[in-house]
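A short write-up of the structure that comes next.
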2 protein chains.
Amino acid sequence: MTNILIRHVTALAALSEEAPERAEILEDIDIAIADGRILAIGRLSDSFIADFAAEGKSEKIDGREHIALPGFFNAHTHAAMTLERGWAEDLPFDRWLNEKIWVAESALEEEDVYWGAALACCEMLHAGVVGFADHYFWMDQVARAVEEAGIKAYLAWCQFGIGEEHEVGGVTLDETVRFVRDWHGAAEGRIRCALGPHSPYMCPPDFLRRVVEHAHRLGVGIHLHVAESQEQMENSLQMHGRTPVAHLARLGVFDADMETLAAHCIVVTDEDIAILAETGVHVAHTPKTYLKLAMGVAPLPNLLQSGVRVALGTDGPASNNDLNMLEVLRITGLYHKNALGHPEAIPLAQLLHMATQAGAEAMGFYENGSGSGVLAAGHPADVILLDTRAAHWFPRHNLAAGVVYTAHPADVSHVIINGRMVLRDGELLTLDEERIRYEAERRAFRMVGMPMRAVRTYRG
Amino acid sequence: MTNILIRHVTALAALSEEAPERAEILEDIDIAIADGRILAIGRLSDSFIADFAAEGKSEKIDGREHIALPGFFNAHTHAAMTLERGWAEDLPFDRWLNEKIWVAESALEEEDVYWGAALACCEMLHAGVVGFADHYFWMDQVARAVEEAGIKAYLAWCQFGIGEEHEVGGVTLDETVRFVRDWHGAAEGRIRCALGPHSPYMCPPDFLRRVVEHAHRLGVGIHLHVAESQEQMENSLQMHGRTPVAHLARLGVFDADMETLAAHCIVVTDEDIAILAETGVHVAHTPKTYLKLAMGVAPLPNLLQSGVRVALGTDGPASNNDLNMLEVLRITGLYHKNALGHPEAIPLAQLLHMATQAGAEAMGFYENGSGSGVLAAGHPADVILLDTRAAHWFPRHNLAAGVVYTAHPADVSHVIINGRMVLRDGELLTLDEERIRYEAERRAFRMVGMPMRAVRTYRG
């Protein structure tokens, strides 16, 4: 593998969990990358650099006028739903889902998932996303796209647990166990797997108990949707006598020796928040979708203050139209500052921490104090560079503010994942973008052009 | 002037006030531009095209894979405050203003305003903004930047009306009248002027009455800040016995024969909204700043339903960090859908209407049914093209949704203002960007590097 040397860059490093209010800016430093990891970061001596260059094939990047930061982790999405981007606009949630999304999905074919996920990988890599947590169907196809793209991913096959043999992309629990066995740890460790029951409102308790048993046996986590609406809360209280969070905790879904990634947690009680904190559940917060579908917004400040581990995500592009973590950072900060009435709340470094290290942790890519999401020697080299030469960056009083409140995907010039250059000067090196865009669009149009039927009905 | 012919483009046209819920998409059409106006739009015949090309020098743009739409009008900003972008982050509003913004401005020199405004023009043109309403000091400098940039602008010299001779950039009312006389209608009509009292809470009633008299005499409008906080509401009730809106109406600021552009109107009563609707006041809605500074958000749906004319703006980059109307479109839709609890609210076409035609109307660039903000024959050619070939546009189920919820400034490939090509293939043709970025940054760093003092204090 080619070594990489980034010279004279400004790094936004040290977004530590311990001091999330501080983003340390290191000016005019060098980053040496070898064997997939950051070998050294700082002002490197001439002799170090000469030795490094002599060690083998190495690529040098002129980092002047650029900022280096840990790549983003998108903690909850449905990548192949790129195929439905823009297909259902300005609709109430039930019509959005029942009349448009699930109807289009009834025409989904297995290979469509590959092209939809590949399109998502193109978009995410251009936007500086180095890893994503995916929850969808026919996940072997997503794994194949991830393997080729050079990105990291945490993959879960979505299951409803009711009549799954009749569902589009639906398979038996045994088949998803097979998927985990085939792919967990694959692509040089870039792929990690989890089990993916859809949610407590779609999956019966018995099914969830079986999922928990399998997760323990496989030593993997669970990724599911939790507590998205008041309706779900009321139905859960009526059916199970418990809130969705308490119900899941009782079923063992939040067991402390198992990693759980709970997307959303919008309607939660104080007791629910205490459970999420105690059990170490990772919550994925995806505010763009909440706003677009008028779902209300999860109580992020309460979650953070109570010690819940929160990562940020985009959710699927069928709802929020893109996979852009820069925008998620922005919307998270903007929305919650205003909702709290405190412009000093959710500071820059805390936002960046949630979009990087906290996301890596939620997907199991950060372990034992040495994982993705941090720019430090010994950590995996998941590094992105942003070009700060466009007018919207000037004057560069505060580069962290530039990333969070001004930057665009087009500013992302380089993406390095596990020490491998995946995007160079804005050009994607791993995938045939033109072919993917063409194939994905052709298939997306086919999906909505043919006679369709809804296969499921959402009733809250 | 060179004629322009755009071939085989998809146009997002007809964002009419009459049917704001519909955005008409015209596929594979041509747009012929001559003498600053749209000469023809539609599927043009070969003979028309041959004649058009024969008429003189003409530039042809291949519009395939692009979308054409009316350029954006930014209805409220302080362009030269680019100089303070990122200078005051994560602070409460009073500290943001008193300790950072007004302190930095105490070091502002006249020529700084030129460079700050020129930087803003670079950023806005790259983002498809064809006109902006500016409210700041030393406005001759802004006018000079506008003249060179080729952009349209509605310029008002900000005045506090109290001891103005001691203020940075502060001048007498006579001097701002001189500015209006010098620049109104200048730059081939691209510059329009207004008077710019800061707000009812900073300007004494007598001063506002004098401003109204001058506006009538000059035949120009007034651009000011209105009703930004509950504190302002309470102080106004206490000092004047009236809400800020009722107070201004009584002083004649909203006289029907004079155009008024009222920025914000966040804290308004039902009676205030009725006054704004009756008097035809244009309200500039700048939600990114409201959220970032936790100001609360103006009741946009109420304003629209009551018939108030609302345009969209960025406010200054010191508060919201950029001048990107694509993001304002997005945040406006997202925020208000959720606030209302109706994802079908504030539909795509209504958002686009507010960011284009309604903005042109607010600045006087739309008159007698034939102005900027609309793609139709006879209208001024203020046209932008977005390249839809990046992964985030695919599949192109809904191009209006792509513009509002996915697009970035880097997608803006061409900007045509009054029939003149200002941005071509992403390259700005009118300004020396590199020099502007350098000068603006140098001056911005100087402003915050020298010993500083606050010249004003905000107390709500």
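Naming scheme: A, B, ... for chains in displayed order of the structure tokens; residues 1 onward per chain; ligands 1 onward as shown.
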### Message
Going by DSSP on the backbone, which residues of range 209-340 of chain A come out as alpha helix (DSSP H)? List them as a ChimeraX atom specification.
### Response
/A:209-218,230-240,244-251,270-278,287-292,300-305,317-320,325-340
Residues within 12 Å of Glu148 in chain B, only C-alpha atoms, excluding chain neighbours under 3 positions, as an mmCIF file with N, CA and C atoms, in the first residue's frame:
data_model
loop_
_atom_site.group_PDB
_atom_site.id
_atom_site.type_symbol
_atom_site.label_atom_id
_atom_site.label_comp_id
_atom_site.auth_asym_id
_atom_site.auth_seq_id
_atom_site.Cartn_x
_atom_site.Cartn_y
_atom_site.Cartn_z
ATOM 1 N N TYR B 114 -15.474 48.084 0.861
ATOM 2 C CA TYR B 114 -15.376 47.671 -0.548
ATOM 3 C C TYR B 114 -14.926 46.216 -0.652
ATOM 4 N N TRP B 115 -13.869 45.866 0.067
ATOM 5 C CA TRP B 115 -13.323 44.509 -0.056
ATOM 6 C C TRP B 115 -14.251 43.461 0.550
ATOM 7 N N ALA B 117 -17.531 43.717 0.716
ATOM 8 C CA ALA B 117 -18.673 43.588 -0.190
ATOM 9 C C ALA B 117 -18.267 42.843 -1.463
ATOM 10 N N ALA B 118 -17.057 43.102 -1.939
ATOM 11 C CA ALA B 118 -16.586 42.404 -3.144
ATOM 12 C C ALA B 118 -16.471 40.904 -2.865
ATOM 13 N N LEU B 119 -15.969 40.566 -1.677
ATOM 14 C CA LEU B 119 -15.898 39.142 -1.292
ATOM 15 C C LEU B 119 -17.307 38.539 -1.268
ATOM 16 N N CYS B 121 -19.859 39.520 -3.008
ATOM 17 C CA CYS B 121 -20.325 39.366 -4.391
ATOM 18 C C CYS B 121 -19.742 38.101 -5.016
ATOM 19 N N CYS B 122 -18.473 37.825 -4.755
ATOM 20 C CA CYS B 122 -17.867 36.584 -5.265
ATOM 21 C C CYS B 122 -18.679 35.394 -4.764
ATOM 22 N N GLN B 141 -18.957 52.393 -1.196
ATOM 23 C CA GLN B 141 -17.994 51.297 -1.409
ATOM 24 C C GLN B 141 -18.720 50.027 -1.871
ATOM 25 N N VAL B 142 -19.887 49.784 -1.305
ATOM 26 C CA VAL B 142 -20.671 48.612 -1.723
ATOM 27 C C VAL B 142 -21.133 48.811 -3.168
ATOM 28 N N ALA B 143 -21.604 50.025 -3.459
ATOM 29 C CA ALA B 143 -22.070 50.318 -4.822
ATOM 30 C C ALA B 143 -20.949 50.090 -5.838
ATOM 31 N N ARG B 144 -19.743 50.505 -5.463
ATOM 32 C CA ARG B 144 -18.592 50.319 -6.346
ATOM 33 C C ARG B 144 -18.360 48.820 -6.613
ATOM 34 N N ALA B 145 -18.440 48.003 -5.567
ATOM 35 C CA ALA B 145 -18.253 46.553 -5.734
ATOM 36 C C ALA B 145 -19.369 45.960 -6.601
ATOM 37 N N ILE B 151 -23.587 42.348 -10.552
ATOM 38 C CA ILE B 151 -24.748 41.862 -9.815
ATOM 39 C C ILE B 151 -25.749 43.018 -9.662
ATOM 40 N N LYS B 152 -26.983 42.706 -9.269
ATOM 41 C CA LYS B 152 -27.965 43.740 -8.942
ATOM 42 C C LYS B 152 -27.986 43.957 -7.429
ATOM 43 N N ALA B 153 -28.350 45.148 -6.995
ATOM 44 C CA ALA B 153 -28.388 45.379 -5.548
ATOM 45 C C ALA B 153 -29.341 46.506 -5.202
ATOM 46 N N ALA B 186 -28.107 53.602 -11.007
ATOM 47 C CA ALA B 186 -26.774 53.504 -11.623
ATOM 48 C C ALA B 186 -26.474 52.083 -12.078
ATOM 49 N N ALA B 187 -25.320 51.928 -12.711
ATOM 50 C CA ALA B 187 -24.862 50.633 -13.234
ATOM 51 C C ALA B 187 -25.940 50.017 -14.124
ATOM 52 N N GLU B 188 -26.336 50.735 -15.120
ATOM 53 C CA GLU B 188 -27.388 50.322 -16.077
ATOM 54 C C GLU B 188 -28.654 49.875 -15.349
ATOM 55 N N ARG B 190 -28.819 48.474 -12.505
ATOM 56 C CA ARG B 190 -28.613 47.334 -11.602
ATOM 57 C C ARG B 190 -28.611 47.754 -10.137
ATOM 58 N N ILE B 191 -28.321 49.021 -9.887
ATOM 59 C CA ILE B 191 -28.323 49.509 -8.499
ATOM 60 C C ILE B 191 -29.590 50.322 -8.253
ATOM 61 N N VAL B 422 -21.922 36.459 -16.266
ATOM 62 C CA VAL B 422 -21.092 36.898 -15.136
ATOM 63 C C VAL B 422 -20.287 35.713 -14.579
ATOM 64 N N LEU B 428 -15.819 32.971 -12.323
ATOM 65 C CA LEU B 428 -16.343 34.328 -12.204
ATOM 66 C C LEU B 428 -15.596 35.233 -13.190
ATOM 67 N N LEU B 429 -16.357 35.955 -14.018
ATOM 68 C CA LEU B 429 -15.745 36.703 -15.117
ATOM 69 C C LEU B 429 -15.526 38.175 -14.796
ATOM 70 N N THR B 430 -16.155 38.671 -13.726
ATOM 71 C CA THR B 430 -16.155 40.122 -13.516
ATOM 72 C C THR B 430 -15.182 40.607 -12.448
ATOM 73 N N LEU B 431 -14.854 39.768 -11.490
ATOM 74 C CA LEU B 431 -14.030 40.223 -10.362
ATOM 75 C C LEU B 431 -12.736 39.414 -10.277
ATOM 76 N N ASP B 432 -11.712 40.025 -9.700
ATOM 77 C CA ASP B 432 -10.431 39.341 -9.482
ATOM 78 C C ASP B 432 -10.523 38.646 -8.115
ATOM 79 N N GLU B 433 -11.060 37.430 -8.148
ATOM 80 C CA GLU B 433 -11.371 36.734 -6.902
ATOM 81 C C GLU B 433 -10.175 36.548 -5.994
#
### Task
Give me, please, the distance in Å between CA of Leu261 in chain A and CA of Leu334 in chain A, quoted to one decimal.
24.3 Å
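Superposing chain A on chain B by least squares over every C-alpha atom, paired in order, leaves an RMSD of 0.0 Å.
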### Message
So that I can check the surroundings of Lys100 in chain A, please list as a ChimeraX atom specification every protein, DNA and RNA residue that reaches within 10 Å of it, counting only C-alpha atoms and ignoring chain neighbours fewer than 3 positions away.
### Response
/A:84,87-89,91,94-97,103-105,318,448,452-454
May I have the selected residues written with N, CA and C atoms, as an mmCIF file, in the first residue's frame?
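Result saved to out_9.cif:
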data_model
loop_
_atom_site.group_PDB
_atom_site.id
_atom_site.type_symbol
_atom_site.label_atom_id
_atom_site.label_comp_id
_atom_site.auth_asym_id
_atom_site.auth_seq_id
_atom_site.Cartn_x
_atom_site.Cartn_y
_atom_site.Cartn_z
ATOM 1 N N GLU A 84 -35.024 6.553 -4.540
ATOM 2 C CA GLU A 84 -36.308 7.245 -4.355
ATOM 3 C C GLU A 84 -36.115 8.717 -3.994
ATOM 4 N N TRP A 87 -38.683 11.454 -5.048
ATOM 5 C CA TRP A 87 -39.851 10.760 -5.559
ATOM 6 C C TRP A 87 -41.117 11.089 -4.755
ATOM 7 N N ALA A 88 -40.961 11.540 -3.545
ATOM 8 C CA ALA A 88 -42.125 11.805 -2.685
ATOM 9 C C ALA A 88 -41.859 13.103 -1.935
ATOM 10 N N GLU A 89 -42.422 14.194 -2.448
ATOM 11 C CA GLU A 89 -42.147 15.508 -1.866
ATOM 12 C C GLU A 89 -43.413 16.143 -1.316
ATOM 13 N N LEU A 91 -45.390 15.750 1.181
ATOM 14 C CA LEU A 91 -46.523 14.882 1.527
ATOM 15 C C LEU A 91 -46.557 14.595 3.026
ATOM 16 N N ASP A 94 -47.800 9.584 6.433
ATOM 17 C CA ASP A 94 -48.437 8.303 6.084
ATOM 18 C C ASP A 94 -48.574 8.161 4.573
ATOM 19 N N ARG A 95 -48.920 9.268 3.874
ATOM 20 C CA ARG A 95 -49.026 9.192 2.418
ATOM 21 C C ARG A 95 -47.638 9.031 1.796
ATOM 22 N N TRP A 96 -46.655 9.728 2.356
ATOM 23 C CA TRP A 96 -45.274 9.614 1.880
ATOM 24 C C TRP A 96 -44.854 8.143 1.873
ATOM 25 N N LEU A 97 -45.161 7.455 3.003
ATOM 26 C CA LEU A 97 -44.711 6.071 3.159
ATOM 27 C C LEU A 97 -45.606 5.100 2.391
ATOM 28 N N VAL A 103 -44.679 1.789 -2.101
ATOM 29 C CA VAL A 103 -45.151 1.396 -3.433
ATOM 30 C C VAL A 103 -43.956 1.283 -4.388
ATOM 31 N N ALA A 104 -43.084 2.274 -4.372
ATOM 32 C CA ALA A 104 -41.895 2.197 -5.229
ATOM 33 C C ALA A 104 -41.060 0.978 -4.851
ATOM 34 N N GLU A 105 -40.932 0.724 -3.550
ATOM 35 C CA GLU A 105 -40.114 -0.409 -3.099
ATOM 36 C C GLU A 105 -40.700 -1.758 -3.514
ATOM 37 N N ALA A 318 -34.561 9.215 0.511
ATOM 38 C CA ALA A 318 -35.963 9.319 0.097
ATOM 39 C C ALA A 318 -36.680 10.348 0.959
ATOM 40 N N VAL A 448 -40.545 3.367 -10.544
ATOM 41 C CA VAL A 448 -41.760 4.159 -10.374
ATOM 42 C C VAL A 448 -42.598 4.203 -11.653
ATOM 43 N N MET A 452 -47.600 -0.603 -9.718
ATOM 44 C CA MET A 452 -47.041 -0.876 -8.391
ATOM 45 C C MET A 452 -48.127 -1.132 -7.369
ATOM 46 N N ARG A 453 -47.731 -1.796 -6.313
ATOM 47 C CA ARG A 453 -48.662 -2.041 -5.223
ATOM 48 C C ARG A 453 -47.890 -1.866 -3.921
ATOM 49 N N ALA A 454 -48.560 -1.404 -2.891
ATOM 50 C CA ALA A 454 -47.922 -1.298 -1.576
ATOM 51 C C ALA A 454 -47.903 -2.682 -0.945
#
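Proximity of A:His397, A:His216, A:Arg446, A:His282 to Glu361 in chain A, computed with only C-alpha atoms, is greatest for A:His282.
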### Message
Please extract the residues of range 116-343 of chain B with a backbone DSSP assignment of strand (DSSP E) and present them as a PyMOL selection string.
### Response
chain B and resi 129-136+152-159+191-197+221-226+260-264+282-285+309-312
Just to be explicit: take each residue in the selection above, keep N, CA and C atoms, and write the result as a CSV table (one decimal), in the first residue's frame.
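Listing of part-v9.csv after writing:
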chain,number,residue,atom,x,y,z
B,129,VAL,N,-26.8,33.9,-6.8
B,129,VAL,CA,-27.5,35.1,-6.3
B,129,VAL,C,-27.3,36.2,-7.4
B,130,VAL,N,-28.4,36.7,-7.9
B,130,VAL,CA,-28.3,37.7,-9.0
B,130,VAL,C,-28.6,39.1,-8.4
B,131,GLY,N,-29.1,39.2,-7.2
B,131,GLY,CA,-29.4,40.5,-6.6
B,131,GLY,C,-29.5,40.4,-5.1
B,132,PHE,N,-29.1,41.5,-4.4
B,132,PHE,CA,-29.1,41.4,-2.9
B,132,PHE,C,-29.5,42.8,-2.4
B,133,ALA,N,-30.2,42.8,-1.2
B,133,ALA,CA,-30.6,44.0,-0.5
B,133,ALA,C,-29.6,44.2,0.6
B,134,ASP,N,-28.8,45.3,0.6
B,134,ASP,CA,-27.8,45.5,1.5
B,134,ASP,C,-28.1,46.6,2.5
B,135,HIS,N,-27.6,46.6,3.7
B,135,HIS,CA,-27.9,47.5,4.7
B,135,HIS,C,-26.6,47.6,5.5
B,136,TYR,N,-25.8,48.7,5.3
B,136,TYR,CA,-24.6,48.8,6.0
B,136,TYR,C,-24.0,50.2,5.9
B,152,LYS,N,-27.0,42.7,-9.3
B,152,LYS,CA,-28.0,43.7,-8.9
B,152,LYS,C,-28.0,44.0,-7.4
B,153,ALA,N,-28.4,45.1,-7.0
B,153,ALA,CA,-28.4,45.4,-5.5
B,153,ALA,C,-29.3,46.5,-5.2
B,154,TYR,N,-29.9,46.4,-4.0
B,154,TYR,CA,-30.8,47.4,-3.4
B,154,TYR,C,-30.1,47.9,-2.2
B,155,LEU,N,-29.6,49.1,-2.2
B,155,LEU,CA,-28.6,49.5,-1.2
B,155,LEU,C,-29.1,50.6,-0.3
B,156,ALA,N,-28.9,50.4,1.0
B,156,ALA,CA,-29.4,51.4,2.0
B,156,ALA,C,-28.3,51.6,3.0
B,157,TRP,N,-28.0,52.9,3.3
B,157,TRP,CA,-27.0,53.3,4.2
B,157,TRP,C,-27.6,53.2,5.6
B,158,CYS,N,-27.1,52.3,6.4
B,158,CYS,CA,-27.6,52.1,7.8
B,158,CYS,C,-27.4,53.3,8.7
B,159,GLN,N,-28.4,53.8,9.3
B,159,GLN,CA,-28.3,54.9,10.3
B,159,GLN,C,-29.0,54.6,11.6
B,191,ILE,N,-28.3,49.0,-9.9
B,191,ILE,CA,-28.3,49.5,-8.5
B,191,ILE,C,-29.6,50.3,-8.3
B,192,ARG,N,-30.3,50.0,-7.2
B,192,ARG,CA,-31.4,50.7,-6.7
B,192,ARG,C,-31.1,51.1,-5.3
B,193,CYS,N,-31.6,52.2,-4.8
B,193,CYS,CA,-31.3,52.6,-3.4
B,193,CYS,C,-32.5,52.8,-2.6
B,194,ALA,N,-32.3,52.8,-1.3
B,194,ALA,CA,-33.3,53.0,-0.3
B,194,ALA,C,-32.7,53.8,0.9
B,195,LEU,N,-33.5,54.3,1.7
B,195,LEU,CA,-33.0,54.8,3.0
B,195,LEU,C,-33.0,53.7,4.0
B,196,GLY,N,-32.0,53.8,5.0
B,196,GLY,CA,-31.8,52.6,5.8
B,196,GLY,C,-31.7,52.9,7.3
B,197,PRO,N,-32.7,53.5,7.9
B,197,PRO,CA,-32.7,53.6,9.4
B,197,PRO,C,-32.5,52.2,10.0
B,221,GLY,N,-37.6,53.7,-1.4
B,221,GLY,CA,-38.1,53.0,-0.3
B,221,GLY,C,-37.3,53.1,1.0
B,222,ILE,N,-37.7,52.3,2.0
B,222,ILE,CA,-37.0,52.2,3.3
B,222,ILE,C,-36.7,50.8,3.6
B,223,HIS,N,-35.5,50.5,4.0
B,223,HIS,CA,-35.1,49.1,4.4
B,223,HIS,C,-34.7,49.2,5.9
B,224,LEU,N,-35.3,48.4,6.8
B,224,LEU,CA,-34.9,48.5,8.2
B,224,LEU,C,-35.2,47.2,8.9
B,225,HIS,N,-34.7,47.0,10.1
B,225,HIS,CA,-34.9,45.9,10.9
B,225,HIS,C,-36.2,46.1,11.8
B,226,VAL,N,-37.0,45.1,11.9
B,226,VAL,CA,-38.3,45.2,12.6
B,226,VAL,C,-38.6,44.0,13.5
B,260,THR,N,-41.5,49.5,1.5
B,260,THR,CA,-40.7,49.2,2.7
B,260,THR,C,-40.3,47.8,2.7
B,261,LEU,N,-39.1,47.6,3.1
B,261,LEU,CA,-38.5,46.2,3.2
B,261,LEU,C,-38.2,46.1,4.7
B,262,ALA,N,-39.0,45.2,5.4
B,262,ALA,CA,-38.9,45.1,6.8
B,262,ALA,C,-38.2,43.7,7.1
B,263,ALA,N,-37.0,43.8,7.6
B,263,ALA,CA,-36.3,42.5,7.9
B,263,ALA,C,-36.8,41.9,9.2
B,264,HIS,N,-37.1,40.6,9.1
B,264,HIS,CA,-37.3,39.8,10.3
B,264,HIS,C,-38.8,39.7,10.8
B,282,HIS,N,-42.8,44.5,2.4
B,282,HIS,CA,-42.1,43.3,2.1
B,282,HIS,C,-41.4,42.9,3.3
B,283,VAL,N,-41.6,41.6,3.7
B,283,VAL,CA,-40.8,41.1,4.9
B,283,VAL,C,-39.7,40.2,4.4
B,284,ALA,N,-38.5,40.4,4.9
B,284,ALA,CA,-37.4,39.6,4.6
B,284,ALA,C,-37.2,38.6,5.7
B,285,HIS,N,-37.3,37.3,5.3
B,285,HIS,CA,-37.2,36.2,6.3
B,285,HIS,C,-35.8,35.5,6.2
B,309,ARG,N,-46.3,39.9,1.9
B,309,ARG,CA,-45.3,39.6,0.8
B,309,ARG,C,-44.0,39.2,1.5
B,310,VAL,N,-43.5,38.0,1.4
B,310,VAL,CA,-42.3,37.6,2.1
B,310,VAL,C,-41.3,37.2,1.1
B,311,ALA,N,-40.1,37.7,1.3
B,311,ALA,CA,-38.9,37.3,0.5
B,311,ALA,C,-37.9,36.6,1.4
B,312,LEU,N,-36.9,35.9,0.9
B,312,LEU,CA,-36.0,35.2,1.7
B,312,LEU,C,-34.6,35.9,1.7
### Task
Identify, on the basis of only C-alpha atoms, every residue whose closest approach to Gly371 in chain B does not exceed 9 Å; exclude the query and any residue fewer than 3 positions from it along the same chain; express the result as a ChimeraX atom specification.
/B:357,360-361,364-368,374,378-380
Take the residues from that selection and write them out as an mmCIF file, in the first residue's frame, keeping N, CA and C atoms.
data_model
loop_
_atom_site.group_PDB
_atom_site.id
_atom_site.type_symbol
_atom_site.label_atom_id
_atom_site.label_comp_id
_atom_site.auth_asym_id
_atom_site.auth_seq_id
_atom_site.Cartn_x
_atom_site.Cartn_y
_atom_site.Cartn_z
ATOM 1 N N GLN B 357 -38.835 35.645 -7.475
ATOM 2 C CA GLN B 357 -39.694 36.771 -7.815
ATOM 3 C C GLN B 357 -40.024 37.657 -6.622
ATOM 4 N N ALA B 360 -37.138 39.819 -5.944
ATOM 5 C CA ALA B 360 -37.016 40.884 -6.953
ATOM 6 C C ALA B 360 -38.030 41.984 -6.684
ATOM 7 N N GLU B 361 -39.243 41.596 -6.301
ATOM 8 C CA GLU B 361 -40.277 42.589 -5.984
ATOM 9 C C GLU B 361 -39.888 43.436 -4.773
ATOM 10 N N GLY B 364 -37.602 46.117 -5.854
ATOM 11 C CA GLY B 364 -37.996 46.986 -6.959
ATOM 12 C C GLY B 364 -37.480 46.535 -8.311
ATOM 13 N N PHE B 365 -37.052 45.287 -8.424
ATOM 14 C CA PHE B 365 -36.590 44.797 -9.719
ATOM 15 C C PHE B 365 -37.690 44.053 -10.477
ATOM 16 N N TYR B 366 -38.885 44.069 -9.918
ATOM 17 C CA TYR B 366 -40.011 43.423 -10.593
ATOM 18 C C TYR B 366 -41.127 44.439 -10.642
ATOM 19 N N GLU B 367 -41.437 44.907 -11.834
ATOM 20 C CA GLU B 367 -42.472 45.928 -11.948
ATOM 21 C C GLU B 367 -43.366 45.649 -13.135
ATOM 22 N N ASN B 368 -44.645 45.955 -12.985
ATOM 23 C CA ASN B 368 -45.586 45.864 -14.110
ATOM 24 C C ASN B 368 -45.579 44.489 -14.757
ATOM 25 N N VAL B 374 -38.482 35.674 -12.999
ATOM 26 C CA VAL B 374 -39.355 34.829 -13.808
ATOM 27 C C VAL B 374 -38.644 34.530 -15.123
ATOM 28 N N GLY B 378 -39.508 38.597 -22.604
ATOM 29 C CA GLY B 378 -39.712 39.986 -22.236
ATOM 30 C C GLY B 378 -39.165 40.357 -20.871
ATOM 31 N N HIS B 379 -38.913 39.364 -20.060
ATOM 32 C CA HIS B 379 -38.394 39.636 -18.714
ATOM 33 C C HIS B 379 -36.865 39.801 -18.765
ATOM 34 N N PRO B 380 -36.319 40.567 -17.819
ATOM 35 C CA PRO B 380 -34.856 40.695 -17.764
ATOM 36 C C PRO B 380 -34.204 39.323 -17.652
#
